[in-house]
>>> print(open('work.csv').read())   # CSV, C-alpha atoms
chain,number,residue,atom,x,y,z
A,1,MET,CA,59.7,68.4,109.6
A,2,LYS,CA,62.5,66.0,110.1
A,3,ASN,CA,63.9,66.7,106.7
A,4,LEU,CA,63.8,70.4,107.5
A,5,VAL,CA,65.8,70.0,110.6
A,6,GLU,CA,68.4,67.9,108.8
A,7,LEU,CA,68.6,70.5,106.1
A,8,LEU,CA,69.1,73.2,108.7
A,9,ILE,CA,72.0,71.3,110.4
A,10,ILE,CA,73.7,70.7,107.0
A,11,ALA,CA,73.2,74.4,106.1
A,12,ILE,CA,74.8,75.5,109.5
A,13,LEU,CA,77.7,73.1,109.0
A,14,PHE,CA,78.4,74.5,105.6
A,15,PHE,CA,77.8,78.1,106.6
A,16,PHE,CA,80.3,78.2,109.4
A,17,PRO,CA,83.3,76.9,107.5
A,18,ALA,CA,82.5,79.4,104.7
A,19,THR,CA,82.5,82.4,107.1
A,20,LYS,CA,85.7,81.2,108.9
A,21,VAL,CA,87.7,80.3,105.8
A,22,SER,CA,86.8,83.5,104.0
A,23,ALA,CA,89.1,85.2,106.5
A,24,PHE,CA,92.0,83.6,104.6
A,25,ALA,CA,90.8,85.1,101.3
A,26,ASN,CA,91.8,88.6,102.2
A,27,GLY,CA,95.6,89.1,102.2
A,28,ASP,CA,95.5,92.2,104.4
A,29,SER,CA,93.7,90.4,107.3
A,30,ILE,CA,94.8,87.7,109.6
A,31,ILE,CA,93.1,85.3,112.1
A,32,LYS,CA,93.7,86.0,115.7
A,33,VAL,CA,92.9,83.2,118.1
A,34,THR,CA,93.0,83.9,121.8
A,35,TYR,CA,93.7,81.0,124.2
A,36,LYS,CA,93.4,81.0,128.0
A,37,ARG,CA,96.3,79.0,129.4
A,38,ILE,CA,96.1,77.4,132.9
A,39,TYR,CA,99.2,75.8,134.3
A,40,ASN,CA,98.3,73.6,137.3
A,41,ASN,CA,101.1,71.5,138.8
A,42,PRO,CA,100.6,71.2,142.5
A,43,PRO,CA,102.1,72.1,144.9
A,44,PHE,CA,103.5,74.8,142.6
A,45,PRO,CA,101.3,77.9,142.3
A,46,GLU,CA,98.7,77.9,139.5
A,47,SER,CA,99.4,80.4,136.7
A,48,VAL,CA,96.9,81.8,134.2
A,49,ASN,CA,98.0,83.5,131.0
A,50,VAL,CA,96.5,84.7,127.8
A,51,GLU,CA,98.2,83.6,124.6
A,52,TYR,CA,97.7,84.3,121.0
A,53,LEU,CA,97.8,82.4,117.7
A,54,ILE,CA,98.1,84.6,114.7
A,55,ILE,CA,97.4,82.8,111.4
A,56,ASP,CA,98.7,84.6,108.4
A,57,GLY,CA,98.4,82.5,105.2
A,58,ASN,CA,100.5,79.4,105.4
A,59,LYS,CA,102.3,80.6,108.6
A,60,SER,CA,101.1,80.9,112.1
A,61,PHE,CA,102.8,82.5,115.1
A,62,PHE,CA,102.1,81.6,118.7
A,63,PHE,CA,103.1,84.0,121.6
A,64,PHE,CA,102.1,85.3,125.0
A,65,GLY,CA,101.7,88.9,126.1
A,66,GLU,CA,100.3,91.8,124.1
A,67,GLY,CA,103.5,92.5,122.3
A,68,LYS,CA,105.1,95.9,121.6
A,69,LYS,CA,104.0,98.5,119.2
A,70,GLY,CA,106.8,99.8,117.0
A,71,LYS,CA,107.3,103.2,115.3
A,72,ASP,CA,105.6,101.8,112.2
A,73,GLY,CA,102.5,101.0,114.3
A,74,LYS,CA,103.0,97.3,113.9
A,75,ILE,CA,103.0,95.0,116.9
A,76,SER,CA,105.9,92.7,117.5
A,77,ALA,CA,106.1,89.9,120.0
A,78,ARG,CA,108.5,87.2,121.1
A,79,VAL,CA,107.2,84.3,119.1
A,80,THR,CA,107.4,81.0,121.0
A,81,GLN,CA,106.3,78.8,118.1
A,82,LEU,CA,106.2,79.4,114.3
A,83,LYS,CA,104.5,76.9,112.1
A,84,ASP,CA,105.5,77.2,108.5
A,85,TRP,CA,103.3,75.0,106.4
A,86,SER,CA,105.0,76.0,103.1
A,87,ASN,CA,108.1,74.0,104.2
A,88,GLN,CA,106.3,71.7,106.7
A,89,CYS,CA,108.5,73.0,109.5
A,90,LEU,CA,107.9,74.2,113.0
A,91,TYR,CA,110.3,76.5,114.9
A,92,PHE,CA,110.3,77.0,118.6
A,93,ILE,CA,112.2,79.3,121.0
A,94,GLY,CA,114.8,77.7,123.3
A,95,SER,CA,117.2,80.0,125.1
A,96,MET,CA,120.0,78.6,127.2
A,97,TYR,CA,121.8,81.6,128.5
A,98,PRO,CA,124.6,82.6,127.9
A,99,GLU,CA,125.4,80.3,125.0
A,100,TYR,CA,122.0,80.6,123.3
A,101,SER,CA,120.4,84.0,123.7
A,102,LEU,CA,116.7,84.8,123.9
A,103,ASP,CA,116.3,84.8,120.2
A,104,SER,CA,117.5,81.2,119.7
A,105,TYR,CA,115.2,78.9,117.8
A,106,TRP,CA,115.1,75.2,117.0
A,107,SER,CA,113.2,73.3,114.4
A,108,ASP,CA,110.7,70.5,114.7
A,109,SER,CA,108.6,68.4,112.4
A,110,LEU,CA,105.1,69.6,111.5
A,111,PRO,CA,102.9,68.2,112.8
A,112,ALA,CA,105.1,66.8,115.6
A,113,MET,CA,102.4,64.3,116.8
A,114,LYS,CA,100.0,61.7,115.5
A,115,TRP,CA,96.4,61.9,116.5
A,116,THR,CA,93.7,59.4,117.0
A,117,ILE,CA,90.3,60.8,116.3
A,118,LEU,CA,87.5,59.5,118.4
A,119,ASN,CA,83.8,59.3,117.7
A,120,GLN,CA,82.9,61.7,120.6
A,121,PHE,CA,81.4,65.2,120.1
A,122,ILE,CA,80.9,68.2,122.3
A,123,THR,CA,79.9,71.9,121.9
A,124,ILE,CA,82.5,74.3,123.3
A,125,ASN,CA,81.7,78.1,123.1
A,126,ASN,CA,79.2,77.5,120.3
A,127,ASN,CA,81.8,75.4,118.3
A,128,TYR,CA,80.8,71.9,117.5
A,129,CYS,CA,83.9,69.9,118.4
A,130,GLN,CA,85.3,66.3,118.0
A,131,LYS,CA,87.6,64.6,120.4
A,132,ALA,CA,91.1,63.5,119.5
A,133,VAL,CA,93.9,62.0,121.6
A,134,THR,CA,97.7,61.7,121.2
A,135,THR,CA,100.8,60.7,123.1
A,136,PHE,CA,103.3,63.3,122.6
A,137,ARG,CA,106.9,62.7,123.9
A,138,GLY,CA,105.9,61.3,127.2
A,139,ARG,CA,102.6,63.0,127.9
A,140,ASP,CA,99.0,62.0,126.9
A,141,TYR,CA,96.9,64.8,125.5
A,142,THR,CA,93.2,65.1,124.8
A,143,ALA,CA,92.1,67.7,122.3
A,144,PHE,CA,88.8,69.0,121.0
A,145,TYR,CA,88.9,70.5,117.6
A,146,ALA,CA,86.1,72.6,115.9
A,147,LEU,CA,84.4,70.9,113.0
A,148,ASN,CA,83.2,74.3,111.9
A,149,ILE,CA,86.7,75.9,111.7
A,150,PRO,CA,88.8,73.9,109.2
A,151,ILE,CA,92.1,75.2,110.2
A,152,GLN,CA,94.7,72.6,111.2
A,153,ASP,CA,96.3,74.6,113.9
A,154,GLY,CA,96.3,75.0,117.7
A,155,PRO,CA,98.3,76.3,120.6
A,156,LEU,CA,102.0,75.6,121.1
A,157,LYS,CA,103.2,72.8,118.9
A,158,PHE,CA,99.8,71.2,118.6
A,159,CYS,CA,98.2,71.0,115.2
A,160,GLY,CA,97.4,68.5,112.4
A,161,LEU,CA,93.7,67.9,113.2
A,162,PRO,CA,91.0,68.6,110.6
A,163,GLY,CA,89.9,71.6,112.6
A,164,LEU,CA,91.2,74.3,114.9
A,165,ILE,CA,92.0,73.0,118.4
A,166,VAL,CA,89.6,74.7,120.8
A,167,LYS,CA,90.6,72.9,123.9
A,168,ILE,CA,93.6,70.7,124.9
A,169,SER,CA,95.0,69.4,128.1
A,170,ASP,CA,97.3,66.6,129.2
A,171,SER,CA,96.1,63.6,131.3
A,172,LYS,CA,97.5,65.1,134.5
A,173,GLU,CA,95.8,68.5,133.6
A,174,ILE,CA,99.1,70.3,134.1
A,175,PHE,CA,98.8,72.1,130.8
A,176,ASN,CA,95.3,73.4,129.8
A,177,TYR,CA,94.4,75.5,126.9
A,178,GLU,CA,91.0,76.8,125.9
A,179,MET,CA,90.1,79.1,123.0
A,180,SER,CA,88.4,82.2,124.3
A,181,ASN,CA,88.2,84.3,121.1
A,182,PHE,CA,88.4,83.8,117.4
A,183,GLU,CA,88.5,86.9,115.1
A,184,LYS,CA,89.5,88.2,111.7
A,185,ILE,CA,91.4,91.4,112.1
A,186,PRO,CA,93.6,93.7,109.9
A,187,ASN,CA,97.2,92.6,110.0
A,188,VAL,CA,98.8,94.8,112.6
A,189,TYR,CA,101.6,92.4,113.4
A,190,ASN,CA,105.2,92.3,112.5
A,191,LEU,CA,106.2,88.8,113.6
A,192,GLY,CA,109.3,86.8,113.0
A,193,ILE,CA,111.9,84.6,114.6
A,194,GLY,CA,115.7,84.6,115.3
A,195,LYS,CA,118.4,82.3,114.2
A,196,VAL,CA,117.7,78.6,114.0
A,197,TYR,CA,120.5,76.6,115.7
A,198,GLY,CA,119.4,73.0,115.2
A,199,ASP,CA,116.5,70.5,115.6
A,200,TYR,CA,114.5,69.3,118.6
A,201,ASN,CA,116.9,66.4,119.3
A,202,GLN,CA,119.8,68.7,119.5
A,203,PHE,CA,117.9,71.1,121.7
A,204,LYS,CA,116.9,68.3,124.0
A,205,ARG,CA,120.5,67.1,124.3
A,206,LEU,CA,121.8,70.6,124.9
A,207,PHE,CA,119.1,71.5,127.4
A,208,LYS,CA,119.9,68.5,129.5
A,209,LYS,CA,123.6,69.5,129.6
A,210,TRP,CA,122.7,73.1,130.4
A,211,HIS,CA,120.5,72.0,133.2
A,212,LEU,CA,123.2,69.7,134.6
A,213,ARG,CA,125.7,72.5,134.4
A,214,ARG,CA,123.3,74.8,136.4
A,215,LEU,CA,123.0,72.0,139.1
A,216,GLU,CA,126.8,71.7,139.3
A,217,LYS,CA,127.1,75.4,139.7
A,218,ASP,CA,124.6,75.4,142.5
A,219,LYS,CA,126.4,72.5,144.2
A,220,ALA,CA,129.7,74.5,144.0
A,221,ARG,CA,128.1,77.5,145.5
A,222,ARG,CA,126.6,75.4,148.3
A,223,GLU,CA,130.0,73.9,149.1
A,224,ALA,CA,131.6,77.3,149.1
A,225,ASP,CA,128.8,78.7,151.4
A,226,PRO,CA,126.8,76.1,153.3
A,227,ASN,CA,124.4,78.9,154.5
A,228,CYS,CA,123.7,80.1,151.0
A,229,LEU,CA,120.0,81.1,151.0
A,230,ASP,CA,119.1,80.2,147.4
A,231,CYS,CA,121.3,77.2,146.8
A,232,GLY,CA,121.4,75.4,150.2
A,233,GLU,CA,119.7,72.2,151.3
A,234,GLY,CA,116.0,71.9,150.4
A,235,VAL,CA,116.3,74.0,147.2
A,236,THR,CA,115.0,72.4,144.0
A,237,VAL,CA,114.6,73.9,140.6
A,238,GLY,CA,112.9,71.9,137.9
A,239,TYR,CA,111.5,72.5,134.5
A,240,THR,CA,108.1,71.4,133.1
A,241,PHE,CA,107.7,71.3,129.3
A,242,ILE,CA,104.8,70.1,127.2
A,243,GLU,CA,107.2,67.3,126.4
A,244,ASN,CA,109.0,65.2,129.1
A,245,LEU,CA,112.2,66.8,128.0
A,246,LEU,CA,114.4,65.9,131.0
A,247,ASP,CA,113.5,62.2,131.1
B,1,MET,CA,127.4,53.9,203.7
B,2,LYS,CA,127.2,57.6,204.8
B,3,LYS,CA,129.6,58.5,201.9
B,4,VAL,CA,127.4,56.7,199.4
B,5,LEU,CA,124.3,58.5,200.7
B,6,ILE,CA,126.1,61.9,200.4
B,7,PHE,CA,127.2,61.0,196.8
B,8,PHE,CA,123.6,60.3,195.7
B,9,MET,CA,122.3,63.4,197.4
B,10,ALA,CA,124.9,65.5,195.6
B,11,ILE,CA,123.8,64.0,192.3
B,12,ALA,CA,120.1,64.7,193.0
B,13,VAL,CA,120.8,68.3,194.1
B,14,SER,CA,123.0,69.0,191.0
B,15,SER,CA,120.4,67.5,188.6
B,16,PHE,CA,117.6,69.7,190.1
B,17,ALA,CA,119.8,72.8,189.8
B,18,PHE,CA,120.7,72.0,186.2
B,19,ALA,CA,117.1,71.4,185.2
B,20,SER,CA,115.9,74.6,186.6
B,21,SER,CA,118.7,76.8,185.4
B,22,GLU,CA,118.5,79.3,182.6
B,23,THR,CA,122.1,78.9,181.4
B,24,PRO,CA,122.8,79.6,177.7
B,25,TRP,CA,123.6,76.0,177.1
B,26,THR,CA,120.2,74.9,178.4
B,27,ASN,CA,118.5,77.5,176.3
B,28,SER,CA,120.3,76.4,173.1
B,29,ILE,CA,119.1,72.9,173.7
B,30,LEU,CA,115.5,74.1,174.1
B,31,LYS,CA,115.8,76.2,170.9
B,32,SER,CA,117.0,73.2,168.9
B,33,VAL,CA,114.0,71.2,170.0
B,34,SER,CA,111.5,73.9,168.9
B,35,LYS,CA,112.7,74.3,165.3
B,36,CYS,CA,110.2,75.1,162.5
B,37,THR,CA,110.3,74.2,158.9
B,38,ALA,CA,108.6,76.0,156.1
B,39,THR,CA,108.4,75.4,152.3
B,40,ALA,CA,107.7,78.1,149.7
B,41,TYR,CA,106.9,77.3,146.0
B,42,GLY,CA,107.1,79.4,142.9
B,43,THR,CA,106.8,79.1,139.2
B,44,TYR,CA,108.2,81.1,136.4
B,45,TYR,CA,106.7,80.9,132.9
B,46,GLY,CA,109.7,80.9,130.6
B,47,PRO,CA,109.9,82.4,127.1
B,48,GLY,CA,109.9,78.9,125.6
B,49,GLY,CA,106.5,78.1,127.0
B,50,ASN,CA,107.9,75.9,129.7
B,51,GLU,CA,107.5,76.5,133.5
B,52,THR,CA,110.4,76.6,135.9
B,53,ASP,CA,109.2,75.2,139.2
B,54,VAL,CA,111.1,76.3,142.3
B,55,SER,CA,110.7,74.8,145.8
B,56,CYS,CA,112.6,76.0,149.0
B,57,THR,CA,112.4,74.3,152.3
B,58,LYS,CA,114.0,76.2,155.2
B,59,THR,CA,114.4,75.4,158.9
B,60,ALA,CA,114.8,78.1,161.6
B,61,SER,CA,114.3,78.6,165.3
B,62,SER,CA,111.0,80.3,164.7
B,63,CYS,CA,108.3,79.7,162.1
B,64,ALA,CA,108.3,83.3,161.0
B,65,GLN,CA,112.0,83.1,160.3
B,66,ALA,CA,111.6,79.8,158.5
B,67,GLN,CA,108.8,81.2,156.3
B,68,ALA,CA,110.8,84.4,155.6
B,69,ASP,CA,113.9,82.3,154.6
B,70,ALA,CA,111.8,80.0,152.4
B,71,ALA,CA,110.1,82.9,150.7
B,72,ASN,CA,113.4,84.8,150.1
B,73,CYS,CA,115.0,81.6,148.7
B,74,ARG,CA,112.0,81.1,146.4
B,75,ASP,CA,112.1,84.7,145.2
B,76,LEU,CA,115.8,84.5,144.5
B,77,ASN,CA,115.5,81.3,142.6
B,78,VAL,CA,112.6,82.5,140.5
B,79,CYS,CA,114.6,85.6,139.6
B,80,ASN,CA,117.7,83.3,138.9
B,81,ALA,CA,115.4,81.4,136.5
B,82,VAL,CA,114.4,84.6,134.7
B,83,ARG,CA,118.1,85.5,134.3
B,84,SER,CA,119.0,82.0,133.1
B,85,PHE,CA,116.9,82.7,130.0
B,86,GLY,CA,118.8,85.9,129.4
B,87,LEU,CA,116.1,88.2,130.8
B,88,GLU,CA,116.1,90.8,133.6
B,89,PRO,CA,113.3,90.3,136.1
B,90,SER,CA,110.7,93.0,135.6
B,91,PRO,CA,107.1,93.6,137.0
B,92,THR,CA,105.6,92.8,133.6
B,93,LEU,CA,107.1,89.3,133.8
B,94,ASN,CA,105.2,88.7,137.1
B,95,CYS,CA,108.4,87.6,138.8
B,96,PRO,CA,108.1,86.2,141.4
B,97,LYS,CA,104.7,84.5,141.6
B,98,VAL,CA,103.8,84.0,145.2
B,99,SER,CA,102.4,80.8,146.7
B,100,GLU,CA,101.1,80.0,150.1
B,101,PHE,CA,103.4,78.7,152.7
B,102,GLU,CA,103.3,75.2,153.8
B,103,ASN,CA,103.7,74.8,157.5
B,104,PRO,CA,104.6,71.7,159.3
>>> encode(input="work.csv", output="structure tokens")
Amino acid sequence: MKNLVELLIIAILFFFPATKVSAFANGDSIIKVTYKRIYNNPPFPESVNVEYLIIDGNKSFFFFGEGKKGKDGKISARVTQLKDWSNQCLYFIGSMYPEYSLDSYWSDSLPAMKWTILNQFITINNNYCQKAVTTFRGRDYTAFYALNIPIQDGPLKFCGLPGLIVKISDSKEIFNYEMSNFEKIPNVYNLGIGKVYGDYNQFKRLFKKWHLRRLEKDKARREADPNCLDCGEGVTVGYTFIENLLD
Amino acid sequence: MKKVLIFFMAIAVSSFAFASSETPWTNSILKSVSKCTATAYGTYYGPGGNETDVSCTKTASSCAQAQADAANCRDLNVCNAVRSFGLEPSPTLNCPKVSEFENP
């Protein structure tokens, strides 16, 4: 009886990867992973979004929103992260208006973080998952990846684990992602990115300058009009990234 | 001695008259004492996957006014954030997201 149970577990572990990986075999189909995103940074209001990871061969596209259907029937969307495993490079969107428009992209290493895999297991939505941790540019993250989905991908910039990231959050639980759906569908997407202007370090340096310039502008407005409603005393505008970008 | 007594009586009478008066000056003092401060918070999920966090603290003579000022300030700043990424605020962007007021 014990042998039979062991045999069954082994069979399940082998069966699941076979079904999930077979999705890659068909060139006309893609993998669509749906993530529920919860941003929780009190006292700021909580926001809940649905985001998608489209895995198409050795490329994956991450975006939010349903996208727009074009005349050719294909859906396009504003990609926030593109992981290109063929050249081991990740591209992320980073607009700094007016110098860098909405279609400005920046490159990053792939994967951009080093994981420590722990000997802890949990089942999430019928996926047998293992725990992993990382410190990524100032934030500590805990992820659970599916042992039965051998795809080294995940939401945002997160990837590089032996299985698909099913759940991830930082230690302060500001950023929380959980997979809500995994499906193989026909490729109805037409996804791409805009011009790449530089790497992460250049983006970080430029973003700090851009932010300081905005603060200076607000200060000048405040001096010109002390009663300015949106730039007076008590007004703060900050940014929260998955990285501690402004530190 | 009589003169001193008259002087102190004059002060007492004028103090009473001042305290019970409804002159604009007195009213303005009373208004400044009963000021109210309110804070409104907002977030905008930018196209790069980052959040823009906005906080506005406003003080006014009434709590309703302070709340309205804080909310307007927050809304304007969230929309400024949308524009700072090269976008025009639209309903599909959920701009602005509304949070509860924090009263003193």
>>> atom_distance(input="work.csv", atom1="atom CA of Trp115 of chain A", atom2="atom CA of Ala132 of chain A")
6.3 Å
>>> residues_around(input="work.csv", residues="Asn190 of chain A", least_positions_apart="6", cutoff="9 Å", atoms="all atoms listed in the file", output="number ranges by chain")
A: 70, 74-77
>>> residues_near_point(input="work.csv", point="(96.4, 67.8, 112.3)", cutoff="12 Å", atoms="all atoms listed in the file", output="short mmCIF file (atom, residue, chain, number, x, y, z; two decimals) with C-alpha atoms, in the frame of the given file")
data_model
loop_
_atom_site.label_atom_id
_atom_site.label_comp_id
_atom_site.auth_asym_id
_atom_site.auth_seq_id
_atom_site.Cartn_x
_atom_site.Cartn_y
_atom_site.Cartn_z
CA TRP A 85 103.30 75.00 106.40
CA LEU A 110 105.10 69.60 111.50
CA PRO A 111 102.90 68.20 112.80
CA ALA A 112 105.10 66.80 115.60
CA MET A 113 102.40 64.30 116.80
CA LYS A 114 100.00 61.70 115.50
CA TRP A 115 96.40 61.90 116.50
CA THR A 116 93.70 59.40 117.00
CA ILE A 117 90.30 60.80 116.30
CA ALA A 132 91.10 63.50 119.50
CA VAL A 133 93.90 62.00 121.60
CA THR A 134 97.70 61.70 121.20
CA ALA A 143 92.10 67.70 122.30
CA PHE A 144 88.80 69.00 121.00
CA TYR A 145 88.90 70.50 117.60
CA ALA A 146 86.10 72.60 115.90
CA PRO A 150 88.80 73.90 109.20
CA ILE A 151 92.10 75.20 110.20
CA GLN A 152 94.70 72.60 111.20
CA ASP A 153 96.30 74.60 113.90
CA GLY A 154 96.30 75.00 117.70
CA LYS A 157 103.20 72.80 118.90
CA PHE A 158 99.80 71.20 118.60
CA CYS A 159 98.20 71.00 115.20
CA GLY A 160 97.40 68.50 112.40
CA LEU A 161 93.70 67.90 113.20
CA PRO A 162 91.00 68.60 110.60
CA GLY A 163 89.90 71.60 112.60
CA LEU A 164 91.20 74.30 114.90
CA ILE A 165 92.00 73.00 118.40
#
>>> closest_residue(input="work.csv", among="A:Asn49, A:Thr135, A:Gln81, A:Asn41", to="Gly48 of chain B", atoms="all atoms listed in the file")
A:Gln81
>>> closest_atom_pairs(input="work.csv", of="chain A", to="chain B", cutoff="8 Å", atoms="all atoms listed in the file", output="Markdown table")
| residue | atom | partner | partner_atom | distance |
| --- | --- | --- | --- | --- |
| A:Pro43 | CA | B:Tyr41 | CA | 7.2 |
| A:Phe44 | CA | B:Tyr41 | CA | 5.4 |
| A:Pro45 | CA | B:Ser99 | CA | 5.4 |
| A:Ser47 | CA | B:Thr43 | CA | 7.9 |
| A:Arg78 | CA | B:Pro47 | CA | 7.8 |
| A:Thr80 | CA | B:Gly48 | CA | 5.6 |
| A:Phe92 | CA | B:Gly48 | CA | 7.3 |
| A:Ile93 | CA | B:Gly48 | CA | 5.2 |
| A:Gly94 | CA | B:Gly48 | CA | 5.5 |
| A:Ser95 | CA | B:Phe85 | CA | 5.6 |
| A:Met96 | CA | B:Phe85 | CA | 5.9 |
| A:Tyr97 | CA | B:Phe85 | CA | 5.2 |
| A:Pro98 | CA | B:Gly86 | CA | 6.8 |
| A:Ser101 | CA | B:Gly86 | CA | 6.2 |
| A:Leu102 | CA | B:Gly86 | CA | 6.0 |
| A:Leu156 | CA | B:Gly49 | CA | 7.8 |
| A:Leu229 | CA | B:Cys73 | CA | 5.5 |
| A:Asp230 | CA | B:Cys73 | CA | 4.5 |
| A:Cys231 | CA | B:Cys73 | CA | 7.9 |
| A:Glu233 | CA | B:Thr57 | CA | 7.7 |
| A:Gly234 | CA | B:Thr57 | CA | 4.7 |
| A:Val235 | CA | B:Cys56 | CA | 4.6 |
| A:Thr236 | CA | B:Ser55 | CA | 5.2 |
| A:Val237 | CA | B:Val54 | CA | 4.6 |
| A:Gly238 | CA | B:Asp53 | CA | 5.1 |
| A:Tyr239 | CA | B:Thr52 | CA | 4.5 |
| A:Thr240 | CA | B:Glu51 | CA | 5.2 |
| A:Phe241 | CA | B:Asn50 | CA | 4.6 |
| A:Ile242 | CA | B:Asn50 | CA | 7.0 |
>>> write_last_selection(input="work.csv", atoms="C-alpha atoms", output="mmCIF file, keeping the file's coordinate frame")
data_model
loop_
_atom_site.group_PDB
_atom_site.id
_atom_site.type_symbol
_atom_site.label_atom_id
_atom_site.label_comp_id
_atom_site.auth_asym_id
_atom_site.auth_seq_id
_atom_site.Cartn_x
_atom_site.Cartn_y
_atom_site.Cartn_z
ATOM 1 C CA PRO A 43 102.100 72.100 144.900
ATOM 2 C CA PHE A 44 103.500 74.800 142.600
ATOM 3 C CA PRO A 45 101.300 77.900 142.300
ATOM 4 C CA SER A 47 99.400 80.400 136.700
ATOM 5 C CA ARG A 78 108.500 87.200 121.100
ATOM 6 C CA THR A 80 107.400 81.000 121.000
ATOM 7 C CA PHE A 92 110.300 77.000 118.600
ATOM 8 C CA ILE A 93 112.200 79.300 121.000
ATOM 9 C CA GLY A 94 114.800 77.700 123.300
ATOM 10 C CA SER A 95 117.200 80.000 125.100
ATOM 11 C CA MET A 96 120.000 78.600 127.200
ATOM 12 C CA TYR A 97 121.800 81.600 128.500
ATOM 13 C CA PRO A 98 124.600 82.600 127.900
ATOM 14 C CA SER A 101 120.400 84.000 123.700
ATOM 15 C CA LEU A 102 116.700 84.800 123.900
ATOM 16 C CA LEU A 156 102.000 75.600 121.100
ATOM 17 C CA LEU A 229 120.000 81.100 151.000
ATOM 18 C CA ASP A 230 119.100 80.200 147.400
ATOM 19 C CA CYS A 231 121.300 77.200 146.800
ATOM 20 C CA GLU A 233 119.700 72.200 151.300
ATOM 21 C CA GLY A 234 116.000 71.900 150.400
ATOM 22 C CA VAL A 235 116.300 74.000 147.200
ATOM 23 C CA THR A 236 115.000 72.400 144.000
ATOM 24 C CA VAL A 237 114.600 73.900 140.600
ATOM 25 C CA GLY A 238 112.900 71.900 137.900
ATOM 26 C CA TYR A 239 111.500 72.500 134.500
ATOM 27 C CA THR A 240 108.100 71.400 133.100
ATOM 28 C CA PHE A 241 107.700 71.300 129.300
ATOM 29 C CA ILE A 242 104.800 70.100 127.200
#
